Amino acid sequence: MSIKSLGLGGTALSSLALVMTAGIVATPASAQSARDDEIIVTARKREENLFETPTAISAFTPKMLEDRNISNLDDVGKYVPNLTISRYGVGNTAQAAVFIRGIGLQDHIITTDPGVGVYLDGVYLGRQMGSNLSLNNIERIEVLRGPQGTLYGRNTLGGAVNIISKQPGSEEEATVSVKGGTHGRAAADFYSNFAMNDEWAVAMSGAFKHRNGVGDFLNLATADKRVGEENEFSGRITAKWQPNDRFSTVFSLDGSSAHNGLSPYTIEFDPSIPAPDPNNIFDGGFPLLNASLLPADPDDNNTTVAGLDSTTNETFGFSITSEFEANENLTAKVLASYRSSDYTGGLDDDASELHLSEFPENGNAQQSSIELQLNGQYGALDFVSGLYYFHEVGETESGPWVFSPFNTPGAVEGFGDFGFFDLNQKTDSYAAYTNIKYAVSDRLSIGGGIRFSRDEKDADAQFPTFASRKFLSESFDAVTWDVNASYNVQDDIYVYGQVQRGYQTGGFPPRPFGGPAQFESFDKTTSTNYEIGLKGPVSDYFTVMLSGFWTEYNDLALPFSITTAGGGFVTIIENAGKSRSRGIEAEGTLYLSDNFSLNASIGYMDAEIRQVNPGTIGIGLGDAPALTPELTFSIAPKISVPLDNGDNVTFNADYSFRGSMFGQSVNRASEKIASRDLVGFSLDYESTDGGWTLGVYGENIFNEVYDQGRLQQAGFVGVVRSNDRAEFGVRLKKRFGG
């Protein structure tokens, strides 16, 4: 789909560039207040005005999340330029594969690391499984685009997502929200904050959500869940101890439990592959598999394997953050954390009652980290510096799995008994960093930073084709840096430029079914990003955030999945050589009147593999990286009508477009994911005196069904379909105190 097909001609596109900003929409008392509102972010681990921060960043307030019906991290991906969030992993909706500017990794298995870092209150979430967090009790979400190798370090090659929760304070307040809608939607959450005494304050939150499934397991008489069913509980308690003005400690405990149905899944047959050869299933696919074995409704599932109908995810986290103001110039900070995640899932890859390709899976990971910071400000100079340590252990297990005919004992001479595999990994990461900012004048500031990172990994695996368990050890290190400058043109309008160096650690392949020779390490990836931008209120009526970038990647690690006679679905990760992405991004809000605002964002990106190393399997010169659409676009009008009694009626609408992209970095036509369009709305009545809001909402109102992922397998393409179907409902929020 082109810009022209969206109805955006050249003149309209030029006008659109003038109505772009940070995505934070407030209904001002007057248009002038659009300029007066100060948006504070902590993207550089210090409090800064959003427009002053010299990097491409999108920010979301709680009100914006509510207006656009954003309830989890996956929803955020609809409204940020050049951001794609997909969920393919073992049919488990708790997985979130985050891609920014063409960089990410959609595999969830323990030996792979994401290309975009997700952080919860400063704590790095090392696994993609469990990172599709429910977003209640949120103070702010920040999406940083481009390599963040200095302050965030490893595995932020594409960018970082910061989720900041509400912190305890002295002001007593509470909110309770309930929601009900079609498909059996039922949801409720609460948040409360209160001071116990002069030193202690506590904040608590909890949430529950349920939605019926969209399909049935036709061959399971006692299926535990329906296809796409959602059931989740989550909670968080935070306590702040502040005995004096110079010292504070925040204790945080959170957890979630999800027991959901398998994501909607089906298969399609690739017409480019020759007809099946009954004597060789790898020359055209499984000979017995055909379209007549699939359910008439692709939302239904024909598996006969009990246990593959449901998925689970359990998370637990604990953190302690202490801050000490040594004097008027220096502040010390300690952030220590522990997190665990356990999941189950799996796919019947052939989507039929035949036992051809079935892979149940479970995994877990436990991580701990500690970060020591020393931050200071001396006149025109301020700095952030720190030491960081991260430790993780985890495992992935699958079995009893089926891959016909090789898992049948004695069926193929020399292959032995099949049915189980496991991977284990231990990671220790170390880093030291510093970042400075210097105000050269009232208008010009310059900055830069440097970080040294080292990752040590030990892994072992047992696969059917391994004569014995294989053990590997590898270490990776990198020096990353950035330099930047920001100039205040006038008022709050800034132009900036920056150069960033990023790093993603190397690792080990997730599915070396082809033999122990395939269980070998791949190297780290590094990147250099060049970026310029403009931010600020260009008039009393609209604000703008524009950025242009050019990023070069060296030894870009890309996965390639194939089916081989080794007995399973082989995923190889290799360093493809060199890759380049370039593009433009714009976000903004136009205040057409005191009561009517129009928020929009657009991202255009050109990304391709520019050099392929000799011997690299699958990846082709000129191919685009996986899950990298050329165009992303969103627009969200908001109308607020103040009533004579002081109450307000607010109408929000939102439209999100994501262009076509490929499910793998091997650009095969069968794995091309079509573009999608999503439309939603909300209409709310707010009683200012009563402290309550009553509204109706609609999500994906035209019931767009689209692909989350596509992977070619043995003669067919596995397709994970979307689960966010058309939903309409009512919601009520009641506020107490505050």
# chains A, B, ... in the order shown; residues from 1 in each chain; ligands from 1

call {"tool": "residues_around", "arguments": {"residues": "A:Ala485", "least_positions_apart": "3", "cutoff": "9 Å", "atoms": "only C-alpha atoms", "output": "list in words"}}
result
Pro54, Leu444, Ser445, Ile446, Gly447, Gly448, Val495, Tyr496, Gly497 and Gln498 of chain A

call {"tool": "write_last_selection", "arguments": {"atoms": "N, CA and C atoms", "output": "PDB file, in the first residue's frame"}}
result
ATOM      1  N   PRO A  54      18.413  14.961  22.550  1.00  0.00           N
ATOM      2  CA  PRO A  54      18.887  14.824  21.164  1.00  0.00           C
ATOM      3  C   PRO A  54      18.826  13.393  20.654  1.00  0.00           C
ATOM      4  N   LEU A 444      23.215  26.286  23.006  1.00  0.00           N
ATOM      5  CA  LEU A 444      23.936  25.122  22.483  1.00  0.00           C
ATOM      6  C   LEU A 444      24.403  24.217  23.616  1.00  0.00           C
ATOM      7  N   SER A 445      24.097  22.922  23.474  1.00  0.00           N
ATOM      8  CA  SER A 445      24.651  21.920  24.386  1.00  0.00           C
ATOM      9  C   SER A 445      25.238  20.790  23.557  1.00  0.00           C
ATOM     10  N   ILE A 446      26.319  20.222  24.058  1.00  0.00           N
ATOM     11  CA  ILE A 446      26.959  19.086  23.402  1.00  0.00           C
ATOM     12  C   ILE A 446      27.079  17.958  24.415  1.00  0.00           C
ATOM     13  N   GLY A 447      27.240  16.744  23.922  1.00  0.00           N
ATOM     14  CA  GLY A 447      27.343  15.612  24.836  1.00  0.00           C
ATOM     15  C   GLY A 447      27.954  14.411  24.166  1.00  0.00           C
ATOM     16  N   GLY A 448      28.156  13.412  24.958  1.00  0.00           N
ATOM     17  CA  GLY A 448      28.721  12.170  24.436  1.00  0.00           C
ATOM     18  C   GLY A 448      28.887  11.163  25.549  1.00  0.00           C
ATOM     19  N   VAL A 495      17.104  21.858  17.223  1.00  0.00           N
ATOM     20  CA  VAL A 495      17.636  20.983  16.184  1.00  0.00           C
ATOM     21  C   VAL A 495      18.774  20.189  16.815  1.00  0.00           C
ATOM     22  N   TYR A 496      18.964  18.961  16.364  1.00  0.00           N
ATOM     23  CA  TYR A 496      20.015  18.135  16.955  1.00  0.00           C
ATOM     24  C   TYR A 496      20.661  17.260  15.900  1.00  0.00           C
ATOM     25  N   GLY A 497      21.826  16.781  16.224  1.00  0.00           N
ATOM     26  CA  GLY A 497      22.533  15.799  15.422  1.00  0.00           C
ATOM     27  C   GLY A 497      23.265  14.846  16.344  1.00  0.00           C
ATOM     28  N   GLN A 498      23.402  13.617  15.926  1.00  0.00           N
ATOM     29  CA  GLN A 498      24.112  12.655  16.763  1.00  0.00           C
ATOM     30  C   GLN A 498      24.683  11.523  15.913  1.00  0.00           C
TER      31      GLN A 498
END

call {"tool": "closest_residue", "arguments": {"among": "A:Asp689, A:Glu47, A:Asp555, A:Glu704", "to": "A:Gly737", "atoms": "only C-alpha atoms"}}
result
A:Asp689

call {"tool": "atom_distance", "arguments": {"atom1": "atom CA of A:Val719", "atom2": "atom CA of A:Phe269"}}
result
10.6 Å

call {"tool": "closest_residue", "arguments": {"among": "A:Asp67, A:Asp492, A:Asp349, A:Glu325", "to": "A:Leu289", "atoms": "only C-alpha atoms"}}
result
A:Asp349

call {"tool": "select_by_dssp", "arguments": {"residues": "stretch 291-475 of chain A", "states": "strand (DSSP E or B)", "output": "ChimeraX atom specification"}}
result
/A:301,310-325,330-348,357-378,381-398,402-403,421-439,444-462,470-475

call {"tool": "closest_residue", "arguments": {"among": "A:Ala94, A:Gly102, A:Ala160, A:Asp254", "to": "A:Leu631", "atoms": "only C-alpha atoms"}}
result
A:Gly102

call {"tool": "residues_around", "arguments": {"residues": "stretch 189-206 of chain A", "least_positions_apart": "2", "cutoff": "10 Å", "atoms": "only C-alpha atoms", "output": "VMD selection string"}}
result
chain A and resid 136 to 137 166 to 179 187 208 to 209 233 to 244 248 to 256 733 to 738

call {"tool": "closest_residue", "arguments": {"among": "A:Pro295, A:Pro559, A:Gly346, A:Gly180", "to": "A:Leu694", "atoms": "only C-alpha atoms"}}
result
A:Gly180

call {"tool": "residues_around", "arguments": {"residues": "A:Ser368", "least_positions_apart": "2", "cutoff": "8 Å", "atoms": "only C-alpha atoms", "output": "PyMOL selection string"}}
result
chain A and resi 336-339+366+370+390-392

call {"tool": "closest_residue", "arguments": {"among": "A:Thr84, A:Val720, A:Arg725, A:Lys426", "to": "A:Pro298", "atoms": "only C-alpha atoms"}}
result
A:Val720

call {"tool": "residues_around", "arguments": {"residues": "A:Phe508", "least_positions_apart": "6", "cutoff": "12 Å", "atoms": "only C-alpha atoms", "output": "count of residues only"}}
result
39

call {"tool": "residues_around", "arguments": {"residues": "stretch 350-363 of chain A", "least_positions_apart": "3", "cutoff": "7 Å", "atoms": "only C-alpha atoms", "output": "list in words"}}
result
Thr266, Ile267, Leu293, Leu294, Asn301, Asn302, Thr303, Thr304, Leu308, Asp342, Tyr343, Thr344, Gly345, Gly346, Leu347, Glu395, Thr396, Glu397, Ser398, Gly399, Trp401, Val402, Phe403 and Ser404 of chain A

call {"tool": "atom_distance", "arguments": {"atom1": "atom CA of A:Phe596", "atom2": "atom CA of A:Ser640"}}
result
6.5 Å

call {"tool": "residues_around", "arguments": {"residues": "stretch 645-657 of chain A", "least_positions_apart": "3", "cutoff": "6 Å", "atoms": "only C-alpha atoms", "output": "ChimeraX atom specification"}}
result
/A:78,632-642,676-688

call {"tool": "atom_distance", "arguments": {"atom1": "atom CA of A:Gly507", "atom2": "atom CA of A:His108"}}
result
13.0 Å

call {"tool": "closest_residue", "arguments": {"among": "A:Glu268, A:Glu587, A:Glu531, A:Asp224", "to": "A:Ser486", "atoms": "only C-alpha atoms"}}
result
A:Glu531
